[in-house]
$ cat start.txt   # compact mmCIF, C-alpha atoms
# COMPACT_ATOMS: atom_id res chain seq x y z
CA MET O 287 0.00 0.00 0.00
CA THR O 288 2.88 2.40 -0.68
CA ALA O 289 2.17 5.77 -2.25
CA ARG O 290 2.86 6.41 -5.93
CA SER O 291 3.35 9.69 -7.71
CA ASP O 292 2.05 8.22 -10.97
CA PRO O 293 -0.40 5.48 -10.12
CA ALA O 294 -0.78 2.70 -12.62
CA PRO O 295 -4.24 1.69 -13.85
CA ALA O 296 -6.20 -0.28 -11.35
CA ARG O 297 -5.65 -4.01 -11.45
CA ASP O 298 -7.58 -6.80 -9.83
CA TYR O 299 -5.62 -9.57 -8.18
CA LEU O 300 -7.95 -12.55 -8.01
CA VAL O 301 -7.43 -15.89 -6.35
CA ASP O 302 -10.12 -18.37 -7.32
CA GLY O 303 -10.76 -21.71 -5.65
CA SER O 304 -11.16 -23.42 -9.01
CA ALA O 305 -7.94 -21.92 -10.34
CA ASP O 306 -5.55 -23.13 -7.65
CA THR O 307 -6.75 -26.17 -5.83
CA ASP O 308 -3.22 -27.30 -5.03
CA ALA O 309 -3.12 -24.78 -2.18
CA VAL O 310 -5.68 -26.80 -0.25
CA SER O 311 -5.41 -30.26 -1.78
CA GLU O 312 -4.16 -33.00 0.52
CA PRO O 313 -2.24 -36.19 -0.13
CA ALA O 314 -3.80 -39.47 0.88
CA GLY O 315 -3.25 -41.33 4.14
CA THR O 316 -1.70 -40.27 7.40
CA GLU O 317 0.48 -37.64 5.74
CA ALA O 318 -2.68 -35.82 4.64
CA GLY O 319 -3.81 -35.36 8.22
CA ASP O 320 -0.37 -34.26 9.36
CA ASP O 321 -0.07 -31.80 6.49
CA ARG O 322 -3.52 -30.37 7.19
CA VAL O 323 -2.71 -29.89 10.87
CA ARG O 324 0.60 -28.17 10.04
CA ARG O 325 -1.09 -25.76 7.64
CA GLU O 326 -3.88 -25.08 10.10
CA LEU O 327 -1.42 -24.38 12.92
CA ALA O 328 0.71 -22.09 10.76
CA ARG O 329 -2.34 -20.15 9.61
CA GLU O 330 -3.86 -19.81 13.07
CA LEU O 331 -0.62 -18.94 14.84
CA HIS O 332 0.15 -16.20 12.34
CA ASP O 333 -3.35 -14.74 12.11
CA GLN O 334 -4.13 -14.88 15.81
CA VAL O 335 -1.13 -15.11 18.12
CA VAL O 336 1.48 -13.33 16.00
CA GLN O 337 -0.87 -10.50 15.04
CA GLU O 338 -1.97 -9.86 18.62
CA LEU O 339 1.54 -10.00 20.07
CA THR O 340 2.96 -7.79 17.31
CA SER O 341 0.28 -5.16 17.93
CA THR O 342 1.03 -5.29 21.66
CA LEU O 343 4.77 -4.80 21.07
CA ILE O 344 4.08 -1.83 18.78
CA ASP O 345 1.81 -0.28 21.40
CA LEU O 346 4.47 -0.73 24.09
CA GLU O 347 7.16 0.79 21.86
CA ASN O 348 4.94 3.80 21.13
CA PHE O 349 4.15 4.12 24.83
CA LYS O 350 7.87 4.33 25.69
CA ARG O 351 8.24 7.35 23.40
CA ARG O 352 5.49 9.38 25.09
CA PRO O 353 5.47 11.22 28.41
CA TYR O 354 3.47 9.27 30.94
CA ASP O 355 2.28 9.33 34.54
CA ALA O 356 1.04 6.69 36.96
CA LYS O 357 -2.44 6.60 35.38
CA ALA O 358 -1.01 6.20 31.89
CA VAL O 359 1.15 3.31 33.10
CA ALA O 360 -1.85 1.63 34.74
CA ASP O 361 -3.92 2.05 31.55
CA GLN O 362 -1.13 0.57 29.44
CA VAL O 363 -0.79 -2.40 31.79
CA ASP O 364 -4.54 -2.98 31.49
CA GLN O 365 -4.23 -3.00 27.68
CA VAL O 366 -1.34 -5.48 27.77
CA GLN O 367 -3.26 -7.73 30.15
CA GLY O 368 -6.26 -7.60 27.86
CA SER O 369 -4.10 -8.51 24.88
CA LEU O 370 -2.59 -11.48 26.72
CA ARG O 371 -6.05 -12.69 27.79
CA ARG O 372 -7.25 -12.52 24.17
CA THR O 373 -4.18 -14.42 23.00
CA LEU O 374 -4.76 -17.16 25.55
CA GLY O 375 -8.42 -17.36 24.57
CA GLU O 376 -7.51 -17.62 20.89
CA LEU O 377 -5.04 -20.42 21.62
CA ARG O 378 -7.76 -22.34 23.48
CA GLU O 379 -10.22 -21.81 20.60
CA MET O 380 -7.59 -22.95 18.12
CA LEU O 381 -7.10 -26.19 20.03
CA TYR O 382 -10.86 -26.81 20.06
CA ARG O 383 -11.13 -26.17 16.30
CA LEU O 384 -8.34 -28.64 15.57
CA ARG O 385 -10.65 -31.33 16.92
CA ASP O 386 -12.83 -30.79 13.83
CA GLU O 387 -16.01 -30.44 15.89
CA GLU O 388 -18.87 -28.73 14.03
CA THR O 389 -19.98 -25.70 16.02
CA TRP O 390 -21.84 -22.46 15.32
CA GLN O 391 -21.00 -18.82 15.94
CA PRO O 392 -24.20 -17.04 17.00
CA THR O 393 -22.63 -13.60 17.40
CA PHE O 394 -20.32 -13.18 14.40
CA ALA O 395 -21.38 -9.64 13.46
CA ALA O 396 -21.37 -8.62 17.13
CA SER O 397 -17.88 -10.03 17.64
CA LEU O 398 -16.64 -8.05 14.62
CA ARG O 399 -18.17 -4.90 16.07
CA ASP O 400 -16.44 -5.62 19.40
CA PHE O 401 -13.16 -6.03 17.52
CA ALA O 402 -13.79 -2.75 15.67
CA ALA O 403 -14.53 -0.86 18.88
CA HIS O 404 -11.46 -2.24 20.64
CA TYR O 405 -9.22 -1.61 17.64
CA SER O 406 -10.48 1.95 17.29
CA GLU O 407 -9.93 2.66 20.98
CA ARG O 408 -6.44 1.17 20.96
CA THR O 409 -5.11 2.63 17.71
CA GLY O 410 -7.25 5.67 16.91
CA ILE O 411 -8.21 4.12 13.56
CA ARG O 412 -11.95 4.35 12.88
CA VAL O 413 -13.28 0.87 12.09
CA SER O 414 -16.96 0.36 11.26
CA VAL O 415 -18.96 -2.79 10.49
CA VAL O 416 -22.06 -2.74 8.26
CA VAL O 417 -24.35 -5.77 7.79
CA ASP O 418 -26.57 -5.85 4.69
CA GLY O 419 -28.81 -8.21 2.75
CA ASP O 420 -29.73 -11.55 4.30
CA TRP O 421 -26.61 -12.09 6.37
CA PRO O 422 -27.58 -14.77 8.95
CA LEU O 423 -27.41 -14.15 12.68
CA SER O 424 -25.71 -17.50 13.27
CA ILE O 425 -23.00 -18.94 11.00
CA ARG O 426 -20.69 -21.93 11.10
CA SER O 427 -17.75 -21.47 13.46
CA ALA O 428 -15.27 -22.53 10.77
CA ALA O 429 -16.56 -19.83 8.39
CA ALA O 430 -16.63 -17.28 11.21
CA ASN O 431 -13.02 -18.04 12.07
CA HIS O 432 -11.81 -17.70 8.47
CA LEU O 433 -13.70 -14.45 7.92
CA GLN O 434 -12.60 -12.94 11.22
CA ARG O 435 -8.95 -13.62 10.44
CA ILE O 436 -9.26 -12.15 6.95
CA VAL O 437 -10.86 -9.02 8.39
CA HIS O 438 -8.25 -8.70 11.15
CA GLU O 439 -5.40 -9.11 8.66
CA ALA O 440 -6.85 -6.58 6.22
CA VAL O 441 -7.48 -4.02 8.97
CA ASN O 442 -3.95 -4.44 10.33
CA ASN O 443 -2.48 -4.07 6.84
CA ALA O 444 -4.52 -0.92 6.27
CA ARG O 445 -3.07 0.60 9.41
CA LEU O 446 0.52 -0.66 9.30
CA HIS O 447 1.19 -0.57 5.54
CA GLY O 448 -1.38 1.84 4.15
CA GLY O 449 -1.45 4.55 6.82
CA ALA O 450 -5.25 4.41 6.84
CA ARG O 451 -7.30 6.51 9.26
CA SER O 452 -10.58 4.69 8.71
CA VAL O 453 -11.67 1.21 7.59
CA ARG O 454 -15.12 -0.09 6.65
CA VAL O 455 -16.11 -3.75 6.88
CA LEU O 456 -19.16 -4.71 4.82
CA LEU O 457 -21.00 -8.03 5.23
CA LEU O 458 -23.42 -8.95 2.47
CA ALA O 459 -25.42 -12.09 1.72
CA GLU O 460 -27.86 -12.30 -1.20
CA GLY O 461 -29.37 -15.53 -2.44
CA GLU O 462 -26.66 -18.14 -2.91
CA LYS O 463 -23.78 -15.66 -2.75
CA ALA O 464 -22.00 -13.94 0.12
CA ARG O 465 -19.33 -11.25 0.23
CA VAL O 466 -17.12 -9.58 2.82
CA THR O 467 -15.42 -6.34 1.78
CA ILE O 468 -12.81 -4.36 3.70
CA ILE O 469 -12.20 -0.83 2.36
CA ASP O 470 -9.67 1.63 3.79
CA ASP O 471 -8.73 5.25 3.07
CA GLY O 472 -4.97 4.68 3.07
CA ARG O 473 -2.30 5.32 0.46
CA GLY O 474 -3.54 2.75 -2.00
CA LEU O 475 -2.57 -0.56 -3.47
CA ASP O 476 0.93 -1.96 -3.14
CA PRO O 477 1.34 -4.50 -5.99
CA TYR O 478 3.88 -6.46 -3.95
CA TYR O 479 1.21 -6.93 -1.28
CA ALA O 480 -1.56 -7.66 -3.76
CA GLU O 481 0.40 -10.26 -5.69
CA GLY O 482 0.58 -12.40 -2.59
CA ALA O 483 3.97 -11.86 -0.97
CA GLY O 484 4.19 -12.60 2.74
CA LEU O 485 2.36 -14.88 5.12
CA GLY O 486 -0.46 -12.39 5.65
CA ILE O 487 -1.87 -12.35 2.13
CA LEU O 488 -1.10 -16.05 1.71
CA GLY O 489 -3.17 -16.78 4.80
CA MET O 490 -6.05 -14.66 3.52
CA ARG O 491 -5.83 -16.40 0.16
CA GLU O 492 -5.89 -19.85 1.73
CA ARG O 493 -8.85 -18.98 3.96
CA ALA O 494 -10.83 -17.73 0.97
CA LEU O 495 -10.13 -21.01 -0.82
CA LEU O 496 -11.27 -22.99 2.21
CA LEU O 497 -14.56 -21.07 2.08
CA GLY O 498 -14.92 -22.20 -1.54
CA GLY O 499 -14.42 -18.67 -2.81
CA SER O 500 -11.87 -16.12 -3.97
CA ILE O 501 -10.17 -12.96 -2.74
CA THR O 502 -9.65 -9.81 -4.80
CA VAL O 503 -7.33 -6.97 -3.79
CA GLU O 504 -7.69 -3.76 -5.79
CA ARG O 505 -7.60 0.01 -5.59
CA ALA O 506 -10.69 1.45 -3.93
CA SER O 507 -12.88 3.70 -6.08
CA GLU O 508 -11.69 6.92 -4.44
CA GLN O 509 -8.53 6.12 -2.47
CA GLY O 510 -7.08 3.35 -0.41
CA THR O 511 -7.45 -0.38 -0.94
CA SER O 512 -10.37 -2.76 -1.20
CA VAL O 513 -10.10 -6.40 -0.11
CA ARG O 514 -13.10 -8.43 -1.28
CA VAL O 515 -13.91 -12.03 -0.41
CA ASP O 516 -16.62 -13.71 -2.53
CA PHE O 517 -17.85 -17.15 -1.55
CA PRO O 518 -21.01 -19.31 -1.67
CA GLY O 519 -23.65 -18.56 0.95
CA THR O 520 -23.74 -22.25 1.83
CA ALA O 521 -20.40 -21.78 3.61
CA LEU O 522 -22.25 -19.77 6.27
CA SER O 523 -25.01 -22.25 7.11
$ encode --input "start.txt" --output "structure tokens"
Amino acid sequence: MTARSDPAPARDYLVDGSADTDAVSEPAGTEAGDDRVRRELARELHDQVVQELTSTLIDLENFKRRPYDAKAVADQVDQVQGSLRRTLGELREMLYRLRDEETWQPTFAASLRDFAAHYSERTGIRVSVVVDGDWPLSIRSAAANHLQRIVHEAVNNARLHGGARSVRVLLLAEGEKARVTIIDDGRGLDPYYAEGAGLGILGMRERALLLGGSITVERASEQGTSVRVDFPGTALS
């Protein structure tokens, strides 16, 4: 999402489940299960634990550079404790999900709004969540997990790489199709990011494939970057 003095024409970077099935295909036998577990662990550890701990370290580094008093120290300790509690909770959830038990997430939109409120309070970046169409109140936990991690990654990228001041998350379900779009007002598309370099975009790409869909990263209509995940509505219910 680096700035350009002479922006190139907008390009769509699309990853389609039908176009690259090797990313999620599994060999037969015991090795298939081991390979699936390794990929799942790598994805979850990066998207949950690494992201949370990295954000905490950045907050602590910024805190060291500012003047502070006893109250500021106490507030910062509270934030770090909250971050560690969330990390522990995510590790527990990850262990439960690795058991392959089918569960449901009855508060997906609400949990995204909680994330948005916490992120806005902690970073000063305005994050809003809009639900439209026939988006269900309760969705499969597996789909909720993939979508949450895509949203978290996109929001973090907008802040850390795009210098965004606001991010909108749009949830839409119509008929047999569903879409999640994350739009920021940052500096715009970085082709290196869009073409899939780094674990972050690779994780988003893999999660979109696991939903049976695709991810598109492109310049937003006015400024910033748009990350769009299109997938079948059957993945939700």
$ residues_around --input "start.txt" --residues "Gly419 in chain O" --least-positions-apart "3" --cutoff "10 Å" --atoms "only C-alpha atoms" --output "ChimeraX atom specification"
/O:422,457-461,464
$ atom_distance --input "start.txt" --atom1 "CA of Arg426 in chain O" --atom2 "CA of Glu504 in chain O"
28.0 Å
$ atom_distance --input "start.txt" --atom1 "CA of Ile468 in chain O" --atom2 "CA of Ser406 in chain O"
15.2 Å
$ atom_distance --input "start.txt" --atom1 "CA of Gly449 in chain O" --atom2 "CA of Arg465 in chain O"
24.8 Å
$ closest_residue --input "start.txt" --among "O:Asp470, O:Gln509, O:Gln391, O:Glu338" --to "Arg371 in chain O" --atoms "all atoms listed in the file"
O:Glu338
$ closest_residue --input "start.txt" --among "O:His432, O:Arg324, O:Arg514, O:Arg412" --to "Leu497 in chain O" --atoms "all atoms listed in the file"
O:His432
$ closest_atom_pairs --input "start.txt" --of "range 383-458 of chain O" --to "range 342-347 of chain O" --cutoff "12 Å" --atoms "all atoms listed in the file" --output "tab-separated table"
residue	atom	partner	partner_atom	distance
O:Tyr405	CA	O:Thr342	CA	11.6
O:Arg408	CA	O:Asp345	CA	8.4
O:Thr409	CA	O:Asp345	CA	8.4
O:Gly410	CA	O:Asp345	CA	11.7
O:Asn442	CA	O:Ile344	CA	11.9
O:Leu446	CA	O:Ile344	CA	10.2
$ closest_residue --input "start.txt" --among "O:Ser341, O:Ala428, O:Phe349, O:Thr389" --to "Val441 in chain O" --atoms "all atoms listed in the file"
O:Ser341
$ closest_residue --input "start.txt" --among "O:Ala444, O:Leu339, O:Glu492, O:Thr502" --to "Leu374 in chain O" --atoms "only C-alpha atoms"
O:Leu339
$ residues_near_point --input "start.txt" --point "(-10.8, -9.8, 5.8)" --cutoff "12 Å" --atoms "all atoms listed in the file" --output "number ranges by chain"
O: 333, 398, 415, 429-444, 453-457, 465-470, 486-487, 489-494, 500-503, 512-516
$ write_last_selection --input "start.txt" --atoms "C-alpha atoms" --output "short mmCIF file (atom, residue, chain, number, x, y, z; two decimals), in the coordinates of the input"
data_model
loop_
_atom_site.label_atom_id
_atom_site.label_comp_id
_atom_site.auth_asym_id
_atom_site.auth_seq_id
_atom_site.Cartn_x
_atom_site.Cartn_y
_atom_site.Cartn_z
CA ASP O 333 -3.35 -14.74 12.11
CA LEU O 398 -16.64 -8.05 14.62
CA VAL O 415 -18.96 -2.79 10.49
CA ALA O 429 -16.56 -19.83 8.39
CA ALA O 430 -16.63 -17.28 11.21
CA ASN O 431 -13.02 -18.04 12.07
CA HIS O 432 -11.81 -17.70 8.47
CA LEU O 433 -13.70 -14.45 7.92
CA GLN O 434 -12.60 -12.94 11.22
CA ARG O 435 -8.95 -13.62 10.44
CA ILE O 436 -9.26 -12.15 6.95
CA VAL O 437 -10.86 -9.02 8.39
CA HIS O 438 -8.25 -8.70 11.15
CA GLU O 439 -5.40 -9.11 8.66
CA ALA O 440 -6.85 -6.58 6.22
CA VAL O 441 -7.48 -4.02 8.97
CA ASN O 442 -3.95 -4.44 10.33
CA ASN O 443 -2.48 -4.07 6.84
CA ALA O 444 -4.52 -0.92 6.27
CA VAL O 453 -11.67 1.21 7.59
CA ARG O 454 -15.12 -0.09 6.65
CA VAL O 455 -16.11 -3.75 6.88
CA LEU O 456 -19.16 -4.71 4.82
CA LEU O 457 -21.00 -8.03 5.23
CA ARG O 465 -19.33 -11.25 0.23
CA VAL O 466 -17.12 -9.58 2.82
CA THR O 467 -15.42 -6.34 1.78
CA ILE O 468 -12.81 -4.36 3.70
CA ILE O 469 -12.20 -0.83 2.36
CA ASP O 470 -9.67 1.63 3.79
CA GLY O 486 -0.46 -12.39 5.65
CA ILE O 487 -1.87 -12.35 2.13
CA GLY O 489 -3.17 -16.78 4.80
CA MET O 490 -6.05 -14.66 3.52
CA ARG O 491 -5.83 -16.40 0.16
CA GLU O 492 -5.89 -19.85 1.73
CA ARG O 493 -8.85 -18.98 3.96
CA ALA O 494 -10.83 -17.73 0.97
CA SER O 500 -11.87 -16.12 -3.97
CA ILE O 501 -10.17 -12.96 -2.74
CA THR O 502 -9.65 -9.81 -4.80
CA VAL O 503 -7.33 -6.97 -3.79
CA SER O 512 -10.37 -2.76 -1.20
CA VAL O 513 -10.10 -6.40 -0.11
CA ARG O 514 -13.10 -8.43 -1.28
CA VAL O 515 -13.91 -12.03 -0.41
CA ASP O 516 -16.62 -13.71 -2.53
#
$ closest_residue --input "start.txt" --among "O:Ala450, O:Leu370, O:Ala358, O:Val417" --to "Arg399 in chain O" --atoms "only C-alpha atoms"
O:Val417
$ residues_around --input "start.txt" --residues "Gly510 in chain O" --least-positions-apart "3" --cutoff "6 Å" --atoms "all atoms listed in the file" --output "PyMOL selection string"
chain O and resi 470-474+506
